[in-house]
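Q: Submitted below is the structure of interest, expressed as C-alpha coordinates.
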Amino acid sequence: MKSLVLEKKDDITLRDFPAIDREEEVLGPRDVRIKMHTVGICGSDVHYYTHGRIGPFVVNAPMILGHEASGTVIETGSDVTTLSVGDRVCMEPGVPDPNSKATRLGMYNVDPAVRFWATPPIHGILRPTCVHPEAFTFKLPDNVSFAEAAMVEPLAVGVHAATKARIKPGDIAVVIGAGPIGLVTALSALAGGCARVYVADLAEKKLEIAASLSAAITPIDVKSQNIPEVIKRDTDGWGADIVFEATGSPKAAAGVFEPLCPGGCVVMIGGQPDPISYDAGAAMIREARIENIFRYAHVFPRCVAMLSSGAIDVKPLITRTFAFEDSVRAFEIAASAPPADVKLQIELPQ
(Lines give C-alpha, C1' and ligand atoms only; values in the text may rest on other atoms or scores of the structure.)
Protein backbone atom coordinates (compact mmCIF):
# COMPACT_ATOMS: atom_id res chain seq x y z
CA MET A 1 0.00 0.00 0.00
CA LYS A 2 1.61 3.23 -1.14
CA SER A 3 2.06 6.24 1.16
CA LEU A 4 3.24 9.79 0.53
CA VAL A 5 6.64 9.86 2.20
CA LEU A 6 8.87 12.82 2.99
CA GLU A 7 12.26 11.15 2.56
CA LYS A 8 14.20 14.28 3.52
CA LYS A 9 14.07 18.02 2.86
CA ASP A 10 12.87 18.72 -0.71
CA ASP A 11 12.35 15.02 -1.44
CA ILE A 12 8.86 13.44 -1.47
CA THR A 13 8.02 10.03 -2.95
CA LEU A 14 4.90 7.92 -3.34
CA ARG A 15 5.96 4.43 -2.34
CA ASP A 16 5.24 1.35 -0.26
CA PHE A 17 5.94 1.85 3.43
CA PRO A 18 5.88 -1.59 5.11
CA ALA A 19 6.82 -0.21 8.56
CA ILE A 20 3.44 1.49 9.03
CA ASP A 21 1.59 -1.64 7.94
CA ARG A 22 3.38 -3.66 10.63
CA GLU A 23 2.88 -0.94 13.24
CA GLU A 24 -0.90 -0.86 12.73
CA GLU A 25 -1.49 -4.53 12.02
CA VAL A 26 -3.15 -5.14 15.39
CA LEU A 27 -6.28 -3.16 16.28
CA GLY A 28 -6.60 -2.11 19.92
CA PRO A 29 -9.90 -2.70 21.78
CA ARG A 30 -10.80 1.02 21.72
CA ASP A 31 -9.43 1.74 18.24
CA VAL A 32 -11.00 1.89 14.80
CA ARG A 33 -9.45 1.24 11.40
CA ILE A 34 -10.30 3.90 8.85
CA LYS A 35 -10.10 3.88 5.06
CA MET A 36 -8.86 7.32 4.13
CA HIS A 37 -10.88 9.43 1.70
CA THR A 38 -9.70 13.07 1.70
CA VAL A 39 -6.58 14.66 3.16
CA GLY A 40 -5.79 18.38 3.16
CA ILE A 41 -2.33 19.82 2.62
CA CYS A 42 -1.39 21.93 5.63
CA GLY A 43 1.21 24.65 5.84
CA SER A 44 3.13 22.55 8.36
CA ASP A 45 3.29 19.64 5.87
CA VAL A 46 4.71 22.04 3.28
CA HIS A 47 7.15 23.53 5.79
CA TYR A 48 8.55 20.08 6.64
CA TYR A 49 8.90 19.49 2.89
CA THR A 50 10.72 22.74 2.17
CA HIS A 51 12.71 23.15 5.40
CA GLY A 52 12.93 19.68 6.95
CA ARG A 53 12.01 20.97 10.38
CA ILE A 54 9.67 23.17 12.40
CA GLY A 55 11.39 24.48 15.53
CA PRO A 56 12.51 21.47 17.59
CA PHE A 57 10.70 18.96 15.36
CA VAL A 58 13.22 17.69 12.82
CA VAL A 59 12.72 15.14 10.04
CA ASN A 60 15.56 12.74 10.76
CA ALA A 61 13.99 9.72 9.02
CA PRO A 62 11.41 9.16 6.28
CA MET A 63 7.97 10.32 7.47
CA ILE A 64 4.47 9.98 6.00
CA LEU A 65 2.82 13.39 5.63
CA GLY A 66 -0.75 14.58 6.24
CA HIS A 67 -2.99 15.23 9.25
CA GLU A 68 -6.20 16.87 7.98
CA ALA A 69 -8.38 13.92 7.12
CA SER A 70 -11.70 12.18 6.64
CA GLY A 71 -12.59 8.61 5.84
CA THR A 72 -14.78 5.59 6.55
CA VAL A 73 -14.60 3.13 9.43
CA ILE A 74 -13.79 -0.36 8.12
CA GLU A 75 -13.05 -2.18 11.39
CA THR A 76 -13.76 -1.57 15.09
CA GLY A 77 -12.06 -2.75 18.25
CA SER A 78 -13.86 -5.05 20.68
CA ASP A 79 -14.70 -2.25 23.16
CA VAL A 80 -15.80 0.41 20.64
CA THR A 81 -19.40 1.50 21.27
CA THR A 82 -19.94 4.83 19.45
CA LEU A 83 -18.78 3.94 15.94
CA SER A 84 -19.66 1.20 13.48
CA VAL A 85 -18.26 -0.16 10.23
CA GLY A 86 -19.43 2.13 7.42
CA ASP A 87 -19.53 5.32 9.49
CA ARG A 88 -18.10 8.37 7.76
CA VAL A 89 -15.71 10.16 10.12
CA CYS A 90 -13.11 12.85 10.63
CA MET A 91 -10.21 12.44 13.01
CA GLU A 92 -8.49 14.69 15.53
CA PRO A 93 -4.80 14.08 14.79
CA GLY A 94 -3.28 14.66 18.23
CA VAL A 95 -3.57 11.87 20.80
CA PRO A 96 -2.37 12.80 24.31
CA ASP A 97 -1.28 10.66 27.23
CA PRO A 98 -4.58 10.14 29.12
CA ASN A 99 -2.72 10.12 32.43
CA SER A 100 -0.68 13.29 31.95
CA LYS A 101 -1.32 16.32 34.15
CA ALA A 102 -2.15 18.48 31.10
CA THR A 103 -4.80 15.99 29.98
CA ARG A 104 -6.27 15.67 33.46
CA LEU A 105 -6.52 19.48 33.62
CA GLY A 106 -8.35 19.54 30.28
CA MET A 107 -5.44 21.04 28.32
CA TYR A 108 -4.59 17.90 26.40
CA ASN A 109 -3.31 19.87 23.39
CA VAL A 110 -0.29 21.07 25.41
CA ASP A 111 0.53 17.62 26.78
CA PRO A 112 4.29 17.21 26.07
CA ALA A 113 3.65 13.54 25.28
CA VAL A 114 0.96 14.17 22.64
CA ARG A 115 1.41 12.08 19.48
CA PHE A 116 0.42 14.26 16.53
CA TRP A 117 0.20 12.98 12.96
CA ALA A 118 3.00 14.10 10.62
CA THR A 119 5.03 15.63 13.43
CA PRO A 120 8.39 13.83 13.70
CA PRO A 121 8.69 11.01 14.57
CA ILE A 122 4.93 10.30 14.22
CA HIS A 123 3.71 9.31 10.76
CA GLY A 124 0.83 11.08 9.06
CA ILE A 125 -2.11 9.69 7.13
CA LEU A 126 -1.50 10.23 3.41
CA ARG A 127 -1.91 6.48 3.00
CA PRO A 128 -4.79 4.08 2.33
CA THR A 129 -5.76 3.27 5.95
CA CYS A 130 -4.95 4.25 9.52
CA VAL A 131 -5.74 3.09 13.06
CA HIS A 132 -7.01 5.74 15.48
CA PRO A 133 -8.63 5.89 18.95
CA GLU A 134 -12.42 5.94 19.06
CA ALA A 135 -12.25 8.93 21.44
CA PHE A 136 -10.59 11.11 18.77
CA THR A 137 -12.72 9.93 15.83
CA PHE A 138 -15.97 11.77 15.09
CA LYS A 139 -18.97 10.57 13.10
CA LEU A 140 -20.14 12.86 10.31
CA PRO A 141 -23.73 13.95 9.69
CA ASP A 142 -25.05 12.93 6.27
CA ASN A 143 -24.92 16.52 4.98
CA VAL A 144 -21.18 17.01 5.69
CA SER A 145 -19.02 15.86 2.79
CA PHE A 146 -15.63 14.18 3.06
CA ALA A 147 -14.01 17.34 1.68
CA GLU A 148 -15.68 19.53 4.31
CA ALA A 149 -14.79 16.99 7.01
CA ALA A 150 -11.11 17.20 6.05
CA MET A 151 -11.41 20.95 6.78
CA VAL A 152 -12.46 20.33 10.39
CA GLU A 153 -8.83 20.18 11.53
CA PRO A 154 -7.87 23.68 10.32
CA LEU A 155 -11.30 24.98 11.31
CA ALA A 156 -10.62 23.71 14.83
CA VAL A 157 -7.71 26.15 15.05
CA GLY A 158 -10.00 29.06 14.20
CA VAL A 159 -12.71 27.95 16.62
CA HIS A 160 -10.14 27.49 19.38
CA ALA A 161 -8.78 30.99 18.68
CA ALA A 162 -12.27 32.50 18.74
CA THR A 163 -12.99 30.71 22.01
CA LYS A 164 -9.79 32.02 23.60
CA ALA A 165 -10.69 35.55 22.45
CA ARG A 166 -13.92 35.43 24.53
CA ILE A 167 -15.88 37.14 21.79
CA LYS A 168 -18.93 39.16 22.83
CA PRO A 169 -21.90 39.71 20.50
CA GLY A 170 -21.20 42.73 18.30
CA ASP A 171 -17.42 42.74 18.66
CA ILE A 172 -15.21 44.04 15.85
CA ALA A 173 -12.27 41.81 14.92
CA VAL A 174 -9.23 42.03 12.69
CA VAL A 175 -7.61 38.93 11.21
CA ILE A 176 -4.09 39.50 9.90
CA GLY A 177 -3.49 36.90 7.20
CA ALA A 178 -5.91 35.46 4.62
CA GLY A 179 -4.43 31.99 4.37
CA PRO A 180 -6.45 28.91 5.35
CA ILE A 181 -6.07 29.55 9.09
CA GLY A 182 -6.81 33.25 8.80
CA LEU A 183 -9.99 32.59 6.82
CA VAL A 184 -11.33 29.87 9.12
CA THR A 185 -10.58 32.23 12.01
CA ALA A 186 -12.64 34.95 10.34
CA LEU A 187 -15.53 32.52 9.88
CA SER A 188 -15.18 31.35 13.49
CA ALA A 189 -15.17 34.92 14.77
CA LEU A 190 -18.42 35.63 12.94
CA ALA A 191 -19.96 32.42 14.21
CA GLY A 192 -18.86 33.40 17.72
CA GLY A 193 -20.76 36.70 17.56
CA CYS A 194 -18.58 39.33 15.87
CA ALA A 195 -20.54 41.97 13.99
CA ARG A 196 -17.72 42.62 11.54
CA VAL A 197 -14.38 41.04 10.74
CA TYR A 198 -11.62 42.78 8.80
CA VAL A 199 -9.21 40.46 6.95
CA ALA A 200 -5.82 41.88 5.96
CA ASP A 201 -3.40 40.38 3.45
CA LEU A 202 -1.14 41.09 0.47
CA ALA A 203 -2.79 38.65 -1.95
CA GLU A 204 -5.69 40.18 -3.84
CA LYS A 205 -7.23 36.84 -4.80
CA LYS A 206 -7.27 35.64 -1.19
CA LEU A 207 -8.91 38.90 -0.16
CA GLU A 208 -11.55 38.37 -2.86
CA ILE A 209 -12.26 34.93 -1.41
CA ALA A 210 -12.44 36.44 2.09
CA ALA A 211 -14.95 39.07 0.97
CA SER A 212 -17.06 36.42 -0.75
CA LEU A 213 -17.49 34.44 2.46
CA SER A 214 -19.77 36.95 4.18
CA ALA A 215 -21.10 40.47 3.83
CA ALA A 216 -19.73 41.00 7.35
CA ILE A 217 -16.12 40.50 6.18
CA THR A 218 -14.21 43.56 4.98
CA PRO A 219 -10.90 42.99 3.14
CA ILE A 220 -7.85 45.19 3.74
CA ASP A 221 -5.17 45.15 1.05
CA VAL A 222 -2.03 45.99 3.02
CA LYS A 223 -0.20 46.94 -0.19
CA SER A 224 -2.35 50.05 -0.45
CA GLN A 225 -4.11 50.35 2.91
CA ASN A 226 -2.91 50.82 6.47
CA ILE A 227 -4.63 48.46 8.91
CA PRO A 228 -4.74 50.79 11.96
CA GLU A 229 -5.94 53.71 9.83
CA VAL A 230 -8.81 51.69 8.35
CA ILE A 231 -9.88 50.35 11.74
CA LYS A 232 -9.69 53.71 13.51
CA ARG A 233 -11.62 55.36 10.68
CA ASP A 234 -14.40 52.78 10.92
CA THR A 235 -14.58 52.71 14.73
CA ASP A 236 -14.48 56.47 15.39
CA GLY A 237 -10.89 56.18 16.55
CA TRP A 238 -11.57 53.51 19.19
CA GLY A 239 -10.06 50.41 17.58
CA ALA A 240 -10.96 46.74 17.18
CA ASP A 241 -12.02 44.59 20.11
CA ILE A 242 -9.93 41.63 18.94
CA VAL A 243 -6.89 41.20 16.69
CA PHE A 244 -6.01 37.72 15.46
CA GLU A 245 -2.42 37.40 14.18
CA ALA A 246 -2.48 34.53 11.68
CA THR A 247 0.64 35.09 9.58
CA GLY A 248 3.58 34.20 11.79
CA SER A 249 5.29 37.28 10.35
CA PRO A 250 7.60 39.22 12.70
CA LYS A 251 6.56 42.43 10.94
CA ALA A 252 2.88 41.73 11.58
CA ALA A 253 3.57 40.83 15.21
CA ALA A 254 5.52 44.06 15.73
CA GLY A 255 2.43 46.16 14.96
CA VAL A 256 -0.25 43.85 16.28
CA PHE A 257 -1.48 46.27 18.99
CA GLU A 258 -1.85 49.31 16.73
CA PRO A 259 -5.43 48.56 15.57
CA LEU A 260 -6.53 47.31 19.02
CA CYS A 261 -8.90 49.21 21.29
CA PRO A 262 -8.22 49.80 25.00
CA GLY A 263 -8.96 46.63 26.94
CA GLY A 264 -8.95 44.58 23.74
CA CYS A 265 -7.52 41.14 23.10
CA VAL A 266 -4.75 39.94 20.77
CA VAL A 267 -4.71 36.26 19.86
CA MET A 268 -1.41 34.94 18.50
CA ILE A 269 -2.11 32.11 16.05
CA GLY A 270 0.64 32.22 13.42
CA GLY A 271 3.50 29.80 13.89
CA GLN A 272 6.78 31.48 14.80
CA PRO A 273 9.93 29.66 13.59
CA ASP A 274 12.10 32.09 15.55
CA PRO A 275 11.59 34.37 18.57
CA ILE A 276 9.70 37.56 17.71
CA SER A 277 9.37 41.02 19.24
CA TYR A 278 6.25 43.02 19.88
CA ASP A 279 5.57 46.38 21.49
CA ALA A 280 4.99 45.68 25.18
CA GLY A 281 4.44 49.40 25.80
CA ALA A 282 1.59 49.49 23.27
CA ALA A 283 0.06 46.48 25.01
CA MET A 284 0.48 48.10 28.43
CA ILE A 285 -1.22 51.40 27.68
CA ARG A 286 -4.21 49.50 26.32
CA GLU A 287 -4.26 46.97 29.18
CA ALA A 288 -4.40 44.46 26.33
CA ARG A 289 -5.09 40.82 26.98
CA ILE A 290 -2.79 38.51 25.03
CA GLU A 291 -3.77 34.92 24.25
CA ASN A 292 -1.65 32.25 22.60
CA ILE A 293 -2.98 29.07 21.07
CA PHE A 294 -1.35 25.76 20.32
CA ARG A 295 -3.50 23.69 17.97
CA TYR A 296 -6.88 23.19 19.76
CA ALA A 297 -8.78 21.20 22.36
CA HIS A 298 -12.42 20.15 22.81
CA VAL A 299 -13.67 21.74 19.58
CA PHE A 300 -13.95 19.01 16.92
CA PRO A 301 -17.61 18.17 17.75
CA ARG A 302 -18.46 21.89 17.68
CA CYS A 303 -16.84 22.26 14.26
CA VAL A 304 -18.74 19.29 12.83
CA ALA A 305 -22.00 20.66 14.25
CA MET A 306 -21.43 24.11 12.71
CA LEU A 307 -20.66 22.62 9.30
CA SER A 308 -23.82 20.54 9.49
CA SER A 309 -26.04 23.45 10.56
CA GLY A 310 -24.61 25.86 8.00
CA ALA A 311 -23.28 28.24 10.65
CA ILE A 312 -19.90 27.93 8.92
CA ASP A 313 -19.31 27.13 5.24
CA VAL A 314 -15.77 26.02 4.36
CA LYS A 315 -16.50 24.88 0.81
CA PRO A 316 -15.27 28.15 -0.81
CA LEU A 317 -11.88 27.64 0.83
CA ILE A 318 -11.22 24.36 -1.01
CA THR A 319 -9.68 25.67 -4.21
CA ARG A 320 -8.05 22.55 -5.73
CA THR A 321 -8.33 18.76 -5.38
CA PHE A 322 -5.75 16.24 -6.57
CA ALA A 323 -5.83 12.48 -7.06
CA PHE A 324 -3.59 10.46 -4.73
CA GLU A 325 -1.27 9.51 -7.61
CA ASP A 326 -0.66 13.24 -8.15
CA SER A 327 0.30 13.87 -4.51
CA VAL A 328 3.93 14.78 -5.24
CA ARG A 329 2.82 17.37 -7.80
CA ALA A 330 0.23 18.68 -5.35
CA PHE A 331 2.96 19.35 -2.78
CA GLU A 332 5.17 21.00 -5.38
CA ILE A 333 2.31 23.34 -6.23
CA ALA A 334 1.52 23.99 -2.57
CA ALA A 335 5.19 24.82 -1.92
CA SER A 336 5.06 27.47 -4.65
CA ALA A 337 2.32 29.27 -2.64
CA PRO A 338 -0.05 30.11 -5.50
CA PRO A 339 -1.77 33.40 -4.62
CA ALA A 340 -5.17 32.21 -5.86
CA ASP A 341 -5.23 29.03 -3.73
CA VAL A 342 -6.38 28.61 -0.15
CA LYS A 343 -6.73 24.90 0.62
CA LEU A 344 -5.45 22.09 -1.57
CA GLN A 345 -6.77 18.58 -0.89
CA ILE A 346 -5.88 15.05 -1.99
CA GLU A 347 -8.46 12.31 -2.59
CA LEU A 348 -7.42 8.70 -2.10
CA PRO A 349 -8.72 5.81 -4.24
CA GLN A 350 -12.00 4.29 -3.02
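Letters A, B, ... mark the chains of the C-alpha coordinates in the order given; residue numbers begin at 1 per chain; ligand numbers begin at 1, in order shown.
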So that I can see what lies close to Asn143 (chain A), please list as a VMD selection string the residues with an atom at most 10 Å from it, counting only C-alpha atoms and leaving out residues fewer than 5 positions away in the same chain.
A: chain A and resid 148 307 to 310
Q: DSSP on the backbone, then: every residue of region 23-108 of chain A marked helix (DSSP H, G or I), written as a VMD selection string.
A: chain A and resid 23 43 to 51 101 to 104 108
Q: Next, the residues of the selection above should be written as a short mmCIF file (atom, residue, chain, number, x, y, z; two decimals), in the first residue's frame with all heavy atoms.
A:
```cif
data_model
loop_
_atom_site.label_atom_id
_atom_site.label_comp_id
_atom_site.auth_asym_id
_atom_site.auth_seq_id
_atom_site.Cartn_x
_atom_site.Cartn_y
_atom_site.Cartn_z
N GLU A 23 3.18 -1.68 12.03
CA GLU A 23 2.88 -0.94 13.24
C GLU A 23 1.39 -0.97 13.57
O GLU A 23 1.00 -1.02 14.73
CB GLU A 23 3.36 0.51 13.09
CG GLU A 23 3.18 1.39 14.30
CD GLU A 23 3.68 2.80 14.05
OE1 GLU A 23 4.77 2.95 13.44
OE2 GLU A 23 3.00 3.75 14.47
N GLY A 43 -0.02 23.89 5.91
CA GLY A 43 1.21 24.65 5.84
C GLY A 43 2.36 23.97 6.57
O GLY A 43 3.53 24.09 6.16
N SER A 44 2.05 23.24 7.65
CA SER A 44 3.13 22.55 8.36
C SER A 44 3.68 21.40 7.52
O SER A 44 4.90 21.16 7.52
CB SER A 44 2.62 22.02 9.71
OG SER A 44 1.65 21.01 9.55
N ASP A 45 2.81 20.68 6.79
CA ASP A 45 3.29 19.64 5.87
C ASP A 45 4.27 20.24 4.86
O ASP A 45 5.33 19.68 4.58
CB ASP A 45 2.12 19.02 5.11
CG ASP A 45 1.17 18.25 5.99
OD1 ASP A 45 1.63 17.53 6.88
OD2 ASP A 45 -0.05 18.37 5.77
N VAL A 46 3.88 21.38 4.29
CA VAL A 46 4.71 22.04 3.28
C VAL A 46 6.02 22.52 3.90
O VAL A 46 7.09 22.41 3.29
CB VAL A 46 3.94 23.20 2.62
CG1 VAL A 46 4.85 23.98 1.67
CG2 VAL A 46 2.71 22.69 1.89
N HIS A 47 5.94 23.03 5.13
CA HIS A 47 7.15 23.53 5.79
C HIS A 47 8.15 22.39 6.05
O HIS A 47 9.36 22.56 5.87
CB HIS A 47 6.79 24.23 7.09
CG HIS A 47 7.87 25.15 7.59
ND1 HIS A 47 7.99 26.45 7.17
CD2 HIS A 47 8.89 24.95 8.46
CE1 HIS A 47 9.03 27.01 7.76
NE2 HIS A 47 9.60 26.12 8.55
N TYR A 48 7.64 21.23 6.47
CA TYR A 48 8.55 20.08 6.64
C TYR A 48 9.18 19.71 5.29
O TYR A 48 10.36 19.35 5.22
CB TYR A 48 7.79 18.89 7.21
CG TYR A 48 7.56 18.96 8.70
CD1 TYR A 48 6.28 18.87 9.24
CD2 TYR A 48 8.63 19.11 9.59
CE1 TYR A 48 6.07 18.95 10.60
CE2 TYR A 48 8.42 19.20 10.95
CZ TYR A 48 7.14 19.11 11.46
OH TYR A 48 6.94 19.19 12.81
N TYR A 49 8.40 19.80 4.23
CA TYR A 49 8.90 19.49 2.89
C TYR A 49 10.00 20.46 2.47
O TYR A 49 11.06 20.06 1.96
CB TYR A 49 7.72 19.51 1.92
CG TYR A 49 8.06 19.44 0.45
CD1 TYR A 49 9.03 18.58 -0.05
CD2 TYR A 49 7.35 20.23 -0.46
CE1 TYR A 49 9.32 18.52 -1.41
CE2 TYR A 49 7.63 20.16 -1.82
CZ TYR A 49 8.61 19.31 -2.29
OH TYR A 49 8.88 19.26 -3.63
N THR A 50 9.79 21.74 2.68
CA THR A 50 10.72 22.74 2.17
C THR A 50 11.87 23.05 3.13
O THR A 50 12.93 23.52 2.70
CB THR A 50 9.98 24.06 1.85
OG1 THR A 50 9.30 24.51 3.03
CG2 THR A 50 8.98 23.85 0.73
N HIS A 51 11.67 22.80 4.43
CA HIS A 51 12.71 23.15 5.40
C HIS A 51 13.24 21.95 6.20
O HIS A 51 14.30 22.05 6.83
CB HIS A 51 12.18 24.19 6.40
CG HIS A 51 11.92 25.53 5.79
ND1 HIS A 51 10.82 25.79 5.00
CD2 HIS A 51 12.63 26.68 5.84
CE1 HIS A 51 10.86 27.06 4.61
NE2 HIS A 51 11.94 27.62 5.10
N LYS A 101 -0.68 15.24 33.39
CA LYS A 101 -1.32 16.32 34.15
C LYS A 101 -2.07 17.27 33.23
O LYS A 101 -3.18 17.72 33.55
CB LYS A 101 -0.26 17.08 34.95
CG LYS A 101 -0.86 18.16 35.85
CD LYS A 101 0.14 18.69 36.86
CE LYS A 101 -0.54 19.67 37.81
NZ LYS A 101 0.40 20.15 38.86
N ALA A 102 -1.48 17.58 32.04
CA ALA A 102 -2.15 18.48 31.10
C ALA A 102 -3.50 17.91 30.68
O ALA A 102 -4.50 18.64 30.62
CB ALA A 102 -1.27 18.71 29.88
N THR A 103 -3.55 16.61 30.39
CA THR A 103 -4.80 15.99 29.98
C THR A 103 -5.80 16.01 31.12
O THR A 103 -6.99 16.33 30.92
CB THR A 103 -4.54 14.55 29.51
OG1 THR A 103 -3.63 14.57 28.41
CG2 THR A 103 -5.84 13.87 29.08
N ARG A 104 -5.35 15.70 32.31
CA ARG A 104 -6.27 15.67 33.46
C ARG A 104 -6.81 17.07 33.79
O ARG A 104 -7.90 17.20 34.34
CB ARG A 104 -5.58 15.07 34.68
CG ARG A 104 -5.39 13.55 34.55
CD ARG A 104 -4.79 12.90 35.79
NE ARG A 104 -3.35 13.13 35.87
CZ ARG A 104 -2.76 13.87 36.79
NH1 ARG A 104 -3.48 14.49 37.71
NH2 ARG A 104 -1.45 14.01 36.81
N TYR A 108 -5.31 19.02 26.99
CA TYR A 108 -4.59 17.90 26.40
C TYR A 108 -3.76 18.31 25.18
O TYR A 108 -2.81 17.61 24.81
CB TYR A 108 -5.55 16.76 26.03
CG TYR A 108 -6.57 17.08 24.97
CD1 TYR A 108 -6.28 16.99 23.61
CD2 TYR A 108 -7.87 17.44 25.33
CE1 TYR A 108 -7.23 17.26 22.64
CE2 TYR A 108 -8.83 17.71 24.37
CZ TYR A 108 -8.50 17.61 23.03
OH TYR A 108 -9.45 17.88 22.07
#
```
Q: Which polymer residues have any atom within 10 Å of an atom of region 63-65 of chain A, counting only C-alpha atoms, with same-chain residues fewer than 5 positions away left out, as a VMD selection string?
A: chain A and resid 3 to 8 12 to 14 17 20 39 41 to 42 44 to 46 48 to 49 117 to 127
Q: Name the closest residue to Ala297 (chain A) among the candidates A:Gly263, A:Gly86, A:Gly192, A:Pro93; distances are taken between atoms, counting only C-alpha atoms.
A: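 Going through A:Gly263, A:Gly86, A:Gly192, A:Pro93 one by one, the smallest distance to Ala297 (chain A) is for A:Pro93.
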Q: If you measure from CA of Gly264 (chain A) to CA of Phe294 (chain A), what distance in Å do you get, rounded to one decimal?
A: 20.6 Å
Q: For the structure I just gave you, how does DSSP split region 42-199 of chain A - specifically, which residues are strand (DSSP E)? Reply as a ChimeraX atom specification.
A: /A:53-54,57-58,63-64,68-76,88-91,94-95,115-116,129-133,137-139,172-176,196-199
Q: For Arg320 (chain A), which residue among A:Ala305, A:Leu344, A:Ile227, A:Val267 is the nearest when counting only C-alpha atoms?
A: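 Checking each candidate against Arg320 (chain A), we get A:Leu344 as the closest.
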Q: For the contact check between region 68-120 of chain A and region 27-38 of chain A, emit one row per residue of region 68-120 of chain A within 9 Å, containing the shortest atom pair and the distance in Å rounded to one decimal, counting only C-alpha atoms, chain then rising number order, as a tab-separated table.
A:
```
residue	atom	partner	partner_atom	distance
A:Glu68	CA	A:Thr38	CA	8.1
A:Ala69	CA	A:Thr38	CA	5.6
A:Ser70	CA	A:Thr38	CA	5.4
A:Gly71	CA	A:Met36	CA	4.3
A:Thr72	CA	A:Lys35	CA	5.2
A:Val73	CA	A:Ile34	CA	4.4
A:Ile74	CA	A:Ile34	CA	5.6
A:Glu75	CA	A:Arg33	CA	5.0
A:Thr76	CA	A:Val32	CA	4.4
A:Gly77	CA	A:Pro29	CA	4.1
A:Ser78	CA	A:Pro29	CA	4.7
A:Asp79	CA	A:Pro29	CA	5.0
A:Val80	CA	A:Arg30	CA	5.1
A:Thr81	CA	A:Arg30	CA	8.6
A:Leu83	CA	A:Val32	CA	8.1
A:Ser84	CA	A:Val32	CA	8.8
A:Val85	CA	A:Val32	CA	8.8
A:Val89	CA	A:Ile34	CA	8.4
```
